[in-house]
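Presented below is the structure to which this report refers.
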Amino acid sequence: MSLAGPSLTGNEIAITQIKDTRLSIGLDIDTANFGAQITAQLNHTVLNNKDNTLLKDELLVSYQKAWDAIPKQSKDKLMARGGGQLSDARLEQLSSNWTKYFLMHDHKIYLSKLTVPTLVLYGSKDTQLNPITNIPVFEELLVGKNSFNEVHVMEGLNHLFQPANTGLMNEYVSIQTTFSPLALNKIAV
């Protein structure tokens, strides 16, 4: 069973997450794409770094170059949402061994080897692992291999399978439902 599981590389997931969360907070598609471009540039820097002692400096340069390429109107919108600088916490995260592993990890390698019946569930409001981008890979690698394989999107649910308004992470703690009974029923069948 895969509950809101990844099927893309970590790099692809990180870029999609930024775009999706920016759209979910009301930013226009162009501004969301600019945010995703910054993430893509930072990820490229992490993936191509050969000397960890220089990585933080390389990330700061990479961020500034990507930021400078954004039109002022989109910069203003991103700054209103906390953009405009690479925080120390984000810099630490990007510099970690885990981040490099995550960005490089290709889930398709493992999914293609599955031979057991597999149920794949996503929430339609999942902004962490977008069903639209992840499901096609699951369908390509699983559906047809085994007559018991199923892929479903649960309407109105977030990444944690809670009924959601936005699907954003900051909404998780305010939702009373721990796990949707509809999702539980789908699992039980």
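If you're wondering about the labels, chains in the structure tokens are A, B, ... by order shown, residues count from 1 in each chain, ligands from 1 in order shown.
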
Query raised in the report: Skipping near chain neighbours, those fewer than 3 positions away, what residues fall within 8 Å of range 18-21 of chain A using only C-alpha atoms, listed as a VMD selection string?
Result: chain A and resid 14 to 15 24 to 25 32 to 33 35 to 36 39 127 to 128 130 168

With N, CA and C atoms retained, write the just-selected residues as a PDB file, in the first residue's frame.
```pdb
ATOM      1  N   ALA A  14      10.409  18.039  -4.973  1.00  0.00           N
ATOM      2  CA  ALA A  14      10.680  19.313  -4.315  1.00  0.00           C
ATOM      3  C   ALA A  14      10.243  20.492  -5.177  1.00  0.00           C
ATOM      4  N   ILE A  15      10.489  20.421  -6.466  1.00  0.00           N
ATOM      5  CA  ILE A  15      10.108  21.499  -7.375  1.00  0.00           C
ATOM      6  C   ILE A  15       8.587  21.604  -7.471  1.00  0.00           C
ATOM      7  N   SER A  24      -1.439  27.217  -3.913  1.00  0.00           N
ATOM      8  CA  SER A  24      -2.432  27.014  -2.855  1.00  0.00           C
ATOM      9  C   SER A  24      -2.601  28.222  -1.950  1.00  0.00           C
ATOM     10  N   ILE A  25      -1.564  29.041  -1.842  1.00  0.00           N
ATOM     11  CA  ILE A  25      -1.690  30.237  -1.003  1.00  0.00           C
ATOM     12  C   ILE A  25      -2.144  31.449  -1.818  1.00  0.00           C
ATOM     13  N   ALA A  32       4.316  31.422  -8.991  1.00  0.00           N
ATOM     14  CA  ALA A  32       4.559  30.066  -8.480  1.00  0.00           C
ATOM     15  C   ALA A  32       5.674  29.383  -9.268  1.00  0.00           C
ATOM     16  N   ASN A  33       5.673  29.572 -10.566  1.00  0.00           N
ATOM     17  CA  ASN A  33       6.734  28.990 -11.401  1.00  0.00           C
ATOM     18  C   ASN A  33       8.095  29.595 -11.086  1.00  0.00           C
ATOM     19  N   GLY A  35       9.019  30.697  -8.146  1.00  0.00           N
ATOM     20  CA  GLY A  35       9.407  30.045  -6.901  1.00  0.00           C
ATOM     21  C   GLY A  35       9.962  28.653  -7.155  1.00  0.00           C
ATOM     22  N   ALA A  36       9.318  27.925  -8.061  1.00  0.00           N
ATOM     23  CA  ALA A  36       9.786  26.581  -8.414  1.00  0.00           C
ATOM     24  C   ALA A  36      11.149  26.640  -9.115  1.00  0.00           C
ATOM     25  N   THR A  39      13.851  26.859  -6.536  1.00  0.00           N
ATOM     26  CA  THR A  39      14.085  25.536  -5.958  1.00  0.00           C
ATOM     27  C   THR A  39      14.865  24.657  -6.917  1.00  0.00           C
ATOM     28  N   THR A 127      -0.762  18.815  -1.268  1.00  0.00           N
ATOM     29  CA  THR A 127       0.214  19.747  -1.833  1.00  0.00           C
ATOM     30  C   THR A 127       1.645  19.290  -1.583  1.00  0.00           C
ATOM     31  N   GLN A 128       1.832  18.211  -0.827  1.00  0.00           N
ATOM     32  CA  GLN A 128       3.174  17.692  -0.597  1.00  0.00           C
ATOM     33  C   GLN A 128       3.582  16.718  -1.701  1.00  0.00           C
ATOM     34  N   ASN A 130       1.871  15.783  -5.092  1.00  0.00           N
ATOM     35  CA  ASN A 130       0.798  16.064  -6.037  1.00  0.00           C
ATOM     36  C   ASN A 130       0.337  14.794  -6.759  1.00  0.00           C
ATOM     37  N   LEU A 168      -2.666  22.683   2.636  1.00  0.00           N
ATOM     38  CA  LEU A 168      -1.362  23.144   3.114  1.00  0.00           C
ATOM     39  C   LEU A 168      -1.033  22.541   4.481  1.00  0.00           C
TER      40      LEU A 168
END
```

Within 12 Å of Gln93 in chain A using only C-alpha atoms, minus same-chain residues under 4 positions, as a PDB file with all heavy atoms, in the first residue's frame:
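Writing the result to selection_26.pdb gives the following:
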```pdb
ATOM      1  N   LEU A  42      18.493  25.736  -6.798  1.00  0.00           N
ATOM      2  CA  LEU A  42      19.128  25.304  -5.553  1.00  0.00           C
ATOM      3  C   LEU A  42      19.395  23.794  -5.579  1.00  0.00           C
ATOM      4  O   LEU A  42      20.471  23.337  -5.188  1.00  0.00           O
ATOM      5  CB  LEU A  42      18.266  25.687  -4.356  1.00  0.00           C
ATOM      6  CG  LEU A  42      18.152  27.178  -4.066  1.00  0.00           C
ATOM      7  CD1 LEU A  42      17.093  27.432  -2.994  1.00  0.00           C
ATOM      8  CD2 LEU A  42      19.492  27.771  -3.665  1.00  0.00           C
ATOM      9  N   ASN A  43      18.417  23.033  -6.046  1.00  0.00           N
ATOM     10  CA  ASN A  43      18.600  21.580  -6.145  1.00  0.00           C
ATOM     11  C   ASN A  43      19.739  21.235  -7.091  1.00  0.00           C
ATOM     12  O   ASN A  43      20.538  20.335  -6.818  1.00  0.00           O
ATOM     13  CB  ASN A  43      17.316  20.902  -6.625  1.00  0.00           C
ATOM     14  CG  ASN A  43      16.205  20.966  -5.598  1.00  0.00           C
ATOM     15  OD1 ASN A  43      16.406  21.407  -4.475  1.00  0.00           O
ATOM     16  ND2 ASN A  43      15.026  20.544  -5.989  1.00  0.00           N
ATOM     17  N   VAL A  46      22.950  21.681  -5.250  1.00  0.00           N
ATOM     18  CA  VAL A  46      23.190  20.579  -4.316  1.00  0.00           C
ATOM     19  C   VAL A  46      23.658  19.342  -5.072  1.00  0.00           C
ATOM     20  O   VAL A  46      24.650  18.699  -4.699  1.00  0.00           O
ATOM     21  CB  VAL A  46      21.917  20.249  -3.501  1.00  0.00           C
ATOM     22  CG1 VAL A  46      22.076  18.939  -2.722  1.00  0.00           C
ATOM     23  CG2 VAL A  46      21.572  21.400  -2.567  1.00  0.00           C
ATOM     24  N   LEU A  55      29.554  24.241  -0.264  1.00  0.00           N
ATOM     25  CA  LEU A  55      28.148  24.157  -0.655  1.00  0.00           C
ATOM     26  C   LEU A  55      27.310  25.341  -0.185  1.00  0.00           C
ATOM     27  O   LEU A  55      26.532  25.903  -0.957  1.00  0.00           O
ATOM     28  CB  LEU A  55      27.531  22.832  -0.181  1.00  0.00           C
ATOM     29  CG  LEU A  55      26.063  22.618  -0.539  1.00  0.00           C
ATOM     30  CD1 LEU A  55      25.842  22.733  -2.052  1.00  0.00           C
ATOM     31  CD2 LEU A  55      25.582  21.264  -0.022  1.00  0.00           C
ATOM     32  N   LYS A  56      27.444  25.745   1.060  1.00  0.00           N
ATOM     33  CA  LYS A  56      26.612  26.856   1.562  1.00  0.00           C
ATOM     34  C   LYS A  56      26.863  28.129   0.768  1.00  0.00           C
ATOM     35  O   LYS A  56      25.921  28.841   0.416  1.00  0.00           O
ATOM     36  CB  LYS A  56      26.848  27.068   3.051  1.00  0.00           C
ATOM     37  CG  LYS A  56      26.237  25.969   3.897  1.00  0.00           C
ATOM     38  CD  LYS A  56      26.433  26.209   5.371  1.00  0.00           C
ATOM     39  CE  LYS A  56      25.846  25.046   6.154  1.00  0.00           C
ATOM     40  NZ  LYS A  56      26.062  25.189   7.597  1.00  0.00           N
ATOM     41  N   LEU A  59      25.254  27.759  -2.607  1.00  0.00           N
ATOM     42  CA  LEU A  59      23.801  27.890  -2.510  1.00  0.00           C
ATOM     43  C   LEU A  59      23.382  29.356  -2.406  1.00  0.00           C
ATOM     44  O   LEU A  59      22.397  29.769  -3.035  1.00  0.00           O
ATOM     45  CB  LEU A  59      23.262  27.101  -1.310  1.00  0.00           C
ATOM     46  CG  LEU A  59      23.232  25.588  -1.490  1.00  0.00           C
ATOM     47  CD1 LEU A  59      23.039  24.895  -0.143  1.00  0.00           C
ATOM     48  CD2 LEU A  59      22.143  25.182  -2.476  1.00  0.00           C
ATOM     49  N   LEU A  86      17.528  33.440   1.564  1.00  0.00           N
ATOM     50  CA  LEU A  86      17.683  32.029   1.904  1.00  0.00           C
ATOM     51  C   LEU A  86      17.960  31.958   3.403  1.00  0.00           C
ATOM     52  O   LEU A  86      19.021  32.382   3.872  1.00  0.00           O
ATOM     53  CB  LEU A  86      18.847  31.432   1.094  1.00  0.00           C
ATOM     54  CG  LEU A  86      19.017  29.930   1.087  1.00  0.00           C
ATOM     55  CD1 LEU A  86      17.759  29.230   0.592  1.00  0.00           C
ATOM     56  CD2 LEU A  86      20.188  29.549   0.202  1.00  0.00           C
ATOM     57  N   SER A  87      16.991  31.479   4.161  1.00  0.00           N
ATOM     58  CA  SER A  87      17.128  31.454   5.622  1.00  0.00           C
ATOM     59  C   SER A  87      18.228  30.491   6.044  1.00  0.00           C
ATOM     60  O   SER A  87      18.592  29.558   5.315  1.00  0.00           O
ATOM     61  CB  SER A  87      15.803  31.039   6.272  1.00  0.00           C
ATOM     62  OG  SER A  87      15.556  29.665   6.047  1.00  0.00           O
ATOM     63  N   ASP A  88      18.734  30.711   7.251  1.00  0.00           N
ATOM     64  CA  ASP A  88      19.761  29.818   7.792  1.00  0.00           C
ATOM     65  C   ASP A  88      19.236  28.388   7.905  1.00  0.00           C
ATOM     66  O   ASP A  88      19.945  27.438   7.619  1.00  0.00           O
ATOM     67  CB  ASP A  88      20.236  30.305   9.157  1.00  0.00           C
ATOM     68  CG  ASP A  88      21.049  31.588   9.071  1.00  0.00           C
ATOM     69  OD1 ASP A  88      21.567  31.894   7.968  1.00  0.00           O
ATOM     70  OD2 ASP A  88      21.168  32.288  10.102  1.00  0.00           O
ATOM     71  N   ALA A  89      17.973  28.249   8.327  1.00  0.00           N
ATOM     72  CA  ALA A  89      17.392  26.899   8.466  1.00  0.00           C
ATOM     73  C   ALA A  89      17.314  26.203   7.113  1.00  0.00           C
ATOM     74  O   ALA A  89      17.629  25.013   7.004  1.00  0.00           O
ATOM     75  CB  ALA A  89      16.004  26.991   9.096  1.00  0.00           C
ATOM     76  N   ASN A  97      23.260  15.852   4.179  1.00  0.00           N
ATOM     77  CA  ASN A  97      23.415  14.638   3.369  1.00  0.00           C
ATOM     78  C   ASN A  97      22.054  14.069   2.981  1.00  0.00           C
ATOM     79  O   ASN A  97      21.884  13.530   1.889  1.00  0.00           O
ATOM     80  CB  ASN A  97      24.226  13.582   4.129  1.00  0.00           C
ATOM     81  CG  ASN A  97      25.671  13.985   4.260  1.00  0.00           C
ATOM     82  OD1 ASN A  97      26.223  14.704   3.431  1.00  0.00           O
ATOM     83  ND2 ASN A  97      26.306  13.528   5.329  1.00  0.00           N
ATOM     84  N   TRP A  98      21.069  14.194   3.887  1.00  0.00           N
ATOM     85  CA  TRP A  98      19.735  13.682   3.604  1.00  0.00           C
ATOM     86  C   TRP A  98      19.151  14.353   2.366  1.00  0.00           C
ATOM     87  O   TRP A  98      18.542  13.696   1.521  1.00  0.00           O
ATOM     88  CB  TRP A  98      18.797  13.896   4.792  1.00  0.00           C
ATOM     89  CG  TRP A  98      17.432  13.354   4.505  1.00  0.00           C
ATOM     90  CD1 TRP A  98      17.000  12.082   4.732  1.00  0.00           C
ATOM     91  CD2 TRP A  98      16.341  14.046   3.875  1.00  0.00           C
ATOM     92  NE1 TRP A  98      15.691  11.934   4.290  1.00  0.00           N
ATOM     93  CE2 TRP A  98      15.268  13.140   3.759  1.00  0.00           C
ATOM     94  CE3 TRP A  98      16.162  15.336   3.406  1.00  0.00           C
ATOM     95  CZ2 TRP A  98      14.052  13.482   3.204  1.00  0.00           C
ATOM     96  CZ3 TRP A  98      14.950  15.679   2.844  1.00  0.00           C
ATOM     97  CH2 TRP A  98      13.905  14.751   2.750  1.00  0.00           C
ATOM     98  N   THR A  99      19.301  15.679   2.254  1.00  0.00           N
ATOM     99  CA  THR A  99      18.734  16.400   1.108  1.00  0.00           C
ATOM    100  C   THR A  99      19.333  15.901  -0.196  1.00  0.00           C
ATOM    101  O   THR A  99      18.607  15.658  -1.166  1.00  0.00           O
ATOM    102  CB  THR A  99      18.930  17.922   1.255  1.00  0.00           C
ATOM    103  OG1 THR A  99      18.166  18.366   2.381  1.00  0.00           O
ATOM    104  CG2 THR A  99      18.465  18.657   0.009  1.00  0.00           C
ATOM    105  N   LYS A 100      20.641  15.720  -0.234  1.00  0.00           N
ATOM    106  CA  LYS A 100      21.270  15.239  -1.469  1.00  0.00           C
ATOM    107  C   LYS A 100      20.738  13.840  -1.814  1.00  0.00           C
ATOM    108  O   LYS A 100      20.408  13.551  -2.954  1.00  0.00           O
ATOM    109  CB  LYS A 100      22.784  15.223  -1.353  1.00  0.00           C
ATOM    110  CG  LYS A 100      23.455  14.925  -2.681  1.00  0.00           C
ATOM    111  CD  LYS A 100      24.907  15.303  -2.685  1.00  0.00           C
ATOM    112  CE  LYS A 100      25.443  15.210  -4.097  1.00  0.00           C
ATOM    113  NZ  LYS A 100      26.793  15.751  -4.198  1.00  0.00           N
ATOM    114  N   TYR A 101      20.630  12.977  -0.803  1.00  0.00           N
ATOM    115  CA  TYR A 101      20.082  11.638  -1.029  1.00  0.00           C
ATOM    116  C   TYR A 101      18.644  11.737  -1.552  1.00  0.00           C
ATOM    117  O   TYR A 101      18.282  11.078  -2.528  1.00  0.00           O
ATOM    118  CB  TYR A 101      20.124  10.815   0.259  1.00  0.00           C
ATOM    119  CG  TYR A 101      19.323   9.539   0.155  1.00  0.00           C
ATOM    120  CD1 TYR A 101      19.847   8.427  -0.480  1.00  0.00           C
ATOM    121  CD2 TYR A 101      18.027   9.475   0.662  1.00  0.00           C
ATOM    122  CE1 TYR A 101      19.097   7.263  -0.606  1.00  0.00           C
ATOM    123  CE2 TYR A 101      17.272   8.322   0.529  1.00  0.00           C
ATOM    124  CZ  TYR A 101      17.816   7.218  -0.102  1.00  0.00           C
ATOM    125  OH  TYR A 101      17.067   6.081  -0.239  1.00  0.00           O
ATOM    126  N   PHE A 102      17.822  12.557  -0.894  1.00  0.00           N
ATOM    127  CA  PHE A 102      16.428  12.709  -1.290  1.00  0.00           C
ATOM    128  C   PHE A 102      16.308  13.186  -2.732  1.00  0.00           C
ATOM    129  O   PHE A 102      15.516  12.661  -3.516  1.00  0.00           O
ATOM    130  CB  PHE A 102      15.704  13.678  -0.349  1.00  0.00           C
ATOM    131  CG  PHE A 102      14.304  14.017  -0.795  1.00  0.00           C
ATOM    132  CD1 PHE A 102      13.284  13.094  -0.678  1.00  0.00           C
ATOM    133  CD2 PHE A 102      14.017  15.259  -1.345  1.00  0.00           C
ATOM    134  CE1 PHE A 102      11.985  13.388  -1.104  1.00  0.00           C
ATOM    135  CE2 PHE A 102      12.736  15.573  -1.768  1.00  0.00           C
ATOM    136  CZ  PHE A 102      11.718  14.632  -1.641  1.00  0.00           C
TER     137      PHE A 102
END
```

Query raised in the report: Per DSSP on the backbone, what are the strand (DSSP E or B) residues of range 5-186 of chain A, as number ranges by chain?
Result: A: 9, 106, 119-123, 143, 146, 150-154, 157, 163

Query - Non-local contacts of range 70-80 of chain A (9 Å; only C-alpha atoms; under 6 positions in same chain excluded) as a PyMOL selection string - result: chain A and resi 22+27-28+30-32+34-35

Store the residues picked out above in a file with all heavy atoms, as a compact mmCIF listing (two decimals), in the first residue's frame.
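Output file out_6.txt follows:
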```
# COMPACT_ATOMS: atom_id res chain seq x y z
N ARG A 22 2.74 27.34 -3.49
CA ARG A 22 2.60 28.75 -3.87
C ARG A 22 1.24 28.99 -4.53
O ARG A 22 0.61 30.01 -4.29
CB ARG A 22 3.73 29.20 -4.80
CG ARG A 22 5.14 29.14 -4.21
CD ARG A 22 5.23 29.87 -2.89
NE ARG A 22 6.49 29.71 -2.22
CZ ARG A 22 6.73 28.85 -1.22
NH1 ARG A 22 5.80 28.05 -0.78
NH2 ARG A 22 7.91 28.81 -0.64
N LEU A 27 -0.98 32.55 -4.97
CA LEU A 27 -0.10 33.22 -5.93
C LEU A 27 -0.47 32.79 -7.35
O LEU A 27 -0.97 31.69 -7.58
CB LEU A 27 1.36 32.88 -5.64
CG LEU A 27 1.92 33.45 -4.33
CD1 LEU A 27 3.36 33.00 -4.13
CD2 LEU A 27 1.83 34.97 -4.31
N ASP A 28 -0.21 33.68 -8.31
CA ASP A 28 -0.50 33.37 -9.70
C ASP A 28 0.50 32.35 -10.24
O ASP A 28 1.55 32.11 -9.64
CB ASP A 28 -0.48 34.65 -10.54
CG ASP A 28 0.87 35.33 -10.49
OD1 ASP A 28 1.74 35.02 -11.31
OD2 ASP A 28 1.06 36.19 -9.58
N ASP A 30 2.56 32.34 -12.79
CA ASP A 30 3.90 32.82 -13.13
C ASP A 30 4.77 32.94 -11.89
O ASP A 30 5.92 32.50 -11.87
CB ASP A 30 3.83 34.16 -13.86
CG ASP A 30 3.28 34.05 -15.26
OD1 ASP A 30 3.34 32.93 -15.84
OD2 ASP A 30 2.77 35.06 -15.78
N THR A 31 4.22 33.52 -10.83
CA THR A 31 4.97 33.69 -9.59
C THR A 31 5.28 32.33 -8.96
O THR A 31 6.39 32.10 -8.48
CB THR A 31 4.20 34.60 -8.61
OG1 THR A 31 3.97 35.86 -9.25
CG2 THR A 31 4.97 34.82 -7.33
N ALA A 32 4.32 31.42 -8.99
CA ALA A 32 4.56 30.07 -8.48
C ALA A 32 5.67 29.38 -9.27
O ALA A 32 6.53 28.70 -8.69
CB ALA A 32 3.28 29.24 -8.54
N PHE A 34 8.13 30.89 -10.79
CA PHE A 34 9.41 31.51 -10.41
C PHE A 34 9.92 30.92 -9.10
O PHE A 34 11.11 30.66 -8.95
CB PHE A 34 9.28 33.04 -10.31
CG PHE A 34 9.17 33.73 -11.64
CD1 PHE A 34 8.12 34.58 -11.90
CD2 PHE A 34 10.13 33.52 -12.63
CE1 PHE A 34 8.01 35.22 -13.12
CE2 PHE A 34 10.02 34.15 -13.86
CZ PHE A 34 8.96 35.01 -14.11
N GLY A 35 9.02 30.70 -8.15
CA GLY A 35 9.41 30.04 -6.90
C GLY A 35 9.96 28.65 -7.15
O GLY A 35 10.96 28.24 -6.56
```

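Here CA of Ser7 in chain A stands at a distance of 25.9 Å from CA of Leu91 in chain A.
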